[in-house]
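For reference, start-v4.pdb (PDB, C-alpha atoms and all ligand atoms):
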```
ATOM      1  CA  MET A  92       0.000   0.000   0.000
ATOM      2  CA  SER A  93       2.755   2.424   0.785
ATOM      3  CA  ASN A  94       4.117   3.388  -2.561
ATOM      4  CA  GLU A  95       6.403   6.158  -1.456
ATOM      5  CA  PRO A  96       9.805   6.608  -3.002
ATOM      6  CA  ASN A  97      12.727   6.434  -0.623
ATOM      7  CA  GLY A  98      12.758   9.595   1.387
ATOM      8  CA  ASP A  99      15.643  11.882   1.291
ATOM      9  CA  SER A 100      16.790  12.106  -2.299
ATOM     10  CA  GLU A 101      14.819  15.238  -2.679
ATOM     11  CA  PHE A 102      16.497  16.648  -5.710
ATOM     12  CA  GLU A 103      15.889  13.551  -7.731
ATOM     13  CA  ASN A 104      12.268  14.482  -7.654
ATOM     14  CA  LEU A 105      12.982  17.679  -9.462
ATOM     15  CA  ASP A 106      12.169  17.311 -13.055
ATOM     16  CA  CYS A 107      14.392  18.856 -15.633
ATOM     17  CA  THR A 108      11.891  21.417 -16.838
ATOM     18  CA  ALA A 109      11.523  22.859 -13.370
ATOM     19  CA  VAL A 110      15.264  22.900 -12.902
ATOM     20  CA  LEU A 111      15.860  24.689 -16.158
ATOM     21  CA  ALA A 112      13.196  27.242 -15.379
ATOM     22  CA  ASP A 113      14.935  27.976 -12.100
ATOM     23  CA  ILE A 114      18.437  28.148 -13.424
ATOM     24  CA  TRP A 115      18.069  31.875 -13.997
ATOM     25  CA  LEU A 116      17.479  32.279 -10.313
ATOM     26  CA  LEU A 117      20.606  30.351  -9.614
ATOM     27  CA  LEU A 118      22.624  32.461 -12.019
ATOM     28  CA  ASP A 119      21.208  35.622 -10.549
ATOM     29  CA  ASN A 120      21.740  34.477  -7.001
ATOM     30  CA  GLU A 121      18.088  34.982  -6.370
ATOM     31  CA  CYS A 122      17.337  31.678  -4.765
ATOM     32  CA  ASP A 123      17.839  30.582  -1.190
ATOM     33  CA  ASP A 124      20.468  28.109  -0.074
ATOM     34  CA  GLY A 125      18.196  25.103  -0.058
ATOM     35  CA  ALA A 126      16.967  25.691  -3.579
ATOM     36  CA  ARG A 127      20.482  26.396  -4.694
ATOM     37  CA  GLN A 128      21.753  23.115  -3.355
ATOM     38  CA  ARG A 129      18.929  21.190  -4.928
ATOM     39  CA  LEU A 130      19.482  22.845  -8.279
ATOM     40  CA  GLU A 131      23.223  22.425  -8.229
ATOM     41  CA  GLY A 132      22.847  18.854  -7.077
ATOM     42  CA  HIS A 133      20.557  18.083  -9.942
ATOM     43  CA  VAL A 134      22.580  19.951 -12.540
ATOM     44  CA  ASN A 135      25.780  18.231 -11.542
ATOM     45  CA  GLY A 136      24.174  14.842 -11.929
ATOM     46  CA  CYS A 137      22.240  15.543 -15.087
ATOM     47  CA  PRO A 138      24.228  16.084 -18.298
ATOM     48  CA  SER A 139      21.434  17.696 -20.240
ATOM     49  CA  CYS A 140      20.693  20.214 -17.485
ATOM     50  CA  LEU A 141      24.391  20.868 -17.143
ATOM     51  CA  GLU A 142      24.547  21.626 -20.812
ATOM     52  CA  HIS A 143      21.678  24.055 -20.572
ATOM     53  CA  TYR A 144      23.152  25.604 -17.494
ATOM     54  CA  GLY A 145      26.271  26.354 -19.515
ATOM     55  CA  ILE A 146      24.199  27.827 -22.318
ATOM     56  CA  GLN A 147      22.300  30.058 -19.980
ATOM     57  CA  ARG A 148      25.396  31.225 -18.261
ATOM     58  CA  GLN A 149      26.813  32.255 -21.606
ATOM     59  CA  LEU A 150      23.539  33.895 -22.408
ATOM     60  CA  LYS A 151      23.716  35.891 -19.233
ATOM     61  CA  GLU A 152      27.211  37.035 -20.052
ATOM     62  CA  LEU A 153      26.104  37.994 -23.529
ATOM     63  CA  ILE A 154      23.238  39.997 -22.141
ATOM     64  CA  SER A 155      25.393  41.845 -19.702
ATOM     65  CA  ARG A 156      27.868  42.666 -22.440
ATOM     66  CA  LYS A 157      25.168  43.839 -24.780
ATOM     67  CA  CYS A 158      23.203  45.820 -22.293
ATOM     68  CA  GLY A 159      26.181  47.070 -20.366
ATOM     69  CA  GLY A 160      24.607  46.033 -17.089
ATOM     70  CA  GLU A 161      24.029  43.009 -14.952
ATOM     71  CA  HIS A 162      20.423  42.614 -15.884
ATOM     72  CA  ALA A 163      18.685  42.455 -19.190
ATOM     73  CA  PRO A 164      15.691  44.666 -19.756
ATOM     74  CA  GLU A 165      12.659  42.814 -18.503
ATOM     75  CA  GLY A 166      11.124  42.281 -21.907
ATOM     76  CA  LEU A 167      14.228  40.746 -23.353
ATOM     77  CA  ARG A 168      14.803  38.490 -20.430
ATOM     78  CA  ASP A 169      11.277  37.220 -20.376
ATOM     79  CA  ARG A 170      11.444  36.561 -24.056
ATOM     80  CA  LEU A 171      14.667  34.646 -23.727
ATOM     81  CA  ARG A 172      13.326  32.690 -20.832
ATOM     82  CA  MET A 173      10.306  31.668 -22.837
ATOM     83  CA  GLU A 174      12.485  30.755 -25.764
ATOM     84  CA  ILE A 175      14.586  28.611 -23.531
ATOM     85  CA  ARG A 176      11.635  26.910 -21.982
ATOM     86  CA  ARG A 177      10.230  26.120 -25.361
ATOM     87  CA  SER A 178      13.488  24.801 -26.659
ATOM     88  CA  VAL A 179      13.927  22.592 -23.650
ATOM     89  CA  THR A 180      11.415  20.151 -25.040
ATOM     90  CA  ILE A 181      13.140  20.087 -28.351
ATOM     91  CA  ARG A 182      16.574  18.994 -27.439
ATOM     92  CA  GLN A 183      18.271  21.495 -29.626
ATOM     93  CA  THR A 184      18.679  25.001 -28.412
ATOM     94  CA  THR A 185      19.182  27.720 -30.902
ATOM     95  CA  ILE A 186      19.477  31.084 -29.358
ATOM     96  CA  ARG A 187      20.139  34.097 -31.429
ATOM     97  CA  ILE A 188      20.525  37.351 -29.662
ATOM     98  CA  ASP A 189      23.442  38.427 -31.728
ATOM     99  CA  SER A 190      21.293  39.471 -34.613
ATOM    100  CA  GLU A 191      19.650  42.757 -33.978
TER     101      GLU A 191
HETATM  102 ZN    ZN B   1      17.929  17.456 -15.468
END
```
Output the file's structure as structure tokens, nothing else.
Ligand SMILES: [Zn+2]
Amino acid sequence: MSNEPNGDSEFENLDCTAVLADIWLLLDNECDDGARQRLEGHVNGCPSCLEHYGIQRQLKELISRKCGGEHAPEGLRDRLRMEIRRSVTIRQTTIRIDSE
């Protein structure tokens, strides 16, 4: 009757989509320690999330270079985030913010 998964591997319950959606928070240092550990734990053990984490980190650097600040304008960031979310399901991520 008790069909519960073994307790304390909490981050294994995170699914990749949720992790990828939260990676921005991680990059921006906007999440608390617990969330950070869960995310990092998952990313380190999950090649595809690790790959996307790398992409997003580059993206963040690109944005800060382009916009001359730490944060992208809200519109741009939201758009990129949506793009990323959409491309998560397709395994190929093509991000073009170099073409203006
Ligand atoms: Zn993952």
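Nearest residue to A:Trp115 among A:Pro138, A:Cys158, A:Gly132, A:Leu171 is A:Leu171, counting all atoms listed in the file.
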Please work out which residues fall within 12 Å of (19.1, 25.2, -12.6), coordinates as given in the file, with all atoms listed in the file counting, and return them as an mmCIF file with C-alpha atoms, in the frame of the given file.
```cif
data_model
loop_
_atom_site.group_PDB
_atom_site.id
_atom_site.type_symbol
_atom_site.label_atom_id
_atom_site.label_comp_id
_atom_site.auth_asym_id
_atom_site.auth_seq_id
_atom_site.Cartn_x
_atom_site.Cartn_y
_atom_site.Cartn_z
ATOM 1 C CA PHE A 102 16.497 16.648 -5.710
ATOM 2 C CA LEU A 105 12.982 17.679 -9.462
ATOM 3 C CA ASP A 106 12.169 17.311 -13.055
ATOM 4 C CA CYS A 107 14.392 18.856 -15.633
ATOM 5 C CA THR A 108 11.891 21.417 -16.838
ATOM 6 C CA ALA A 109 11.523 22.859 -13.370
ATOM 7 C CA VAL A 110 15.264 22.900 -12.902
ATOM 8 C CA LEU A 111 15.860 24.689 -16.158
ATOM 9 C CA ALA A 112 13.196 27.242 -15.379
ATOM 10 C CA ASP A 113 14.935 27.976 -12.100
ATOM 11 C CA ILE A 114 18.437 28.148 -13.424
ATOM 12 C CA TRP A 115 18.069 31.875 -13.997
ATOM 13 C CA LEU A 116 17.479 32.279 -10.313
ATOM 14 C CA LEU A 117 20.606 30.351 -9.614
ATOM 15 C CA LEU A 118 22.624 32.461 -12.019
ATOM 16 C CA ASP A 119 21.208 35.622 -10.549
ATOM 17 C CA ASN A 120 21.740 34.477 -7.001
ATOM 18 C CA GLU A 121 18.088 34.982 -6.370
ATOM 19 C CA CYS A 122 17.337 31.678 -4.765
ATOM 20 C CA ALA A 126 16.967 25.691 -3.579
ATOM 21 C CA ARG A 127 20.482 26.396 -4.694
ATOM 22 C CA GLN A 128 21.753 23.115 -3.355
ATOM 23 C CA ARG A 129 18.929 21.190 -4.928
ATOM 24 C CA LEU A 130 19.482 22.845 -8.279
ATOM 25 C CA GLU A 131 23.223 22.425 -8.229
ATOM 26 C CA GLY A 132 22.847 18.854 -7.077
ATOM 27 C CA HIS A 133 20.557 18.083 -9.942
ATOM 28 C CA VAL A 134 22.580 19.951 -12.540
ATOM 29 C CA ASN A 135 25.780 18.231 -11.542
ATOM 30 C CA GLY A 136 24.174 14.842 -11.929
ATOM 31 C CA CYS A 137 22.240 15.543 -15.087
ATOM 32 C CA PRO A 138 24.228 16.084 -18.298
ATOM 33 C CA SER A 139 21.434 17.696 -20.240
ATOM 34 C CA CYS A 140 20.693 20.214 -17.485
ATOM 35 C CA LEU A 141 24.391 20.868 -17.143
ATOM 36 C CA GLU A 142 24.547 21.626 -20.812
ATOM 37 C CA HIS A 143 21.678 24.055 -20.572
ATOM 38 C CA TYR A 144 23.152 25.604 -17.494
ATOM 39 C CA GLY A 145 26.271 26.354 -19.515
ATOM 40 C CA ILE A 146 24.199 27.827 -22.318
ATOM 41 C CA GLN A 147 22.300 30.058 -19.980
ATOM 42 C CA ARG A 148 25.396 31.225 -18.261
#
```
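One finds atom CA of A:Lys151 at 14.5 Å from atom CA of A:Met173.
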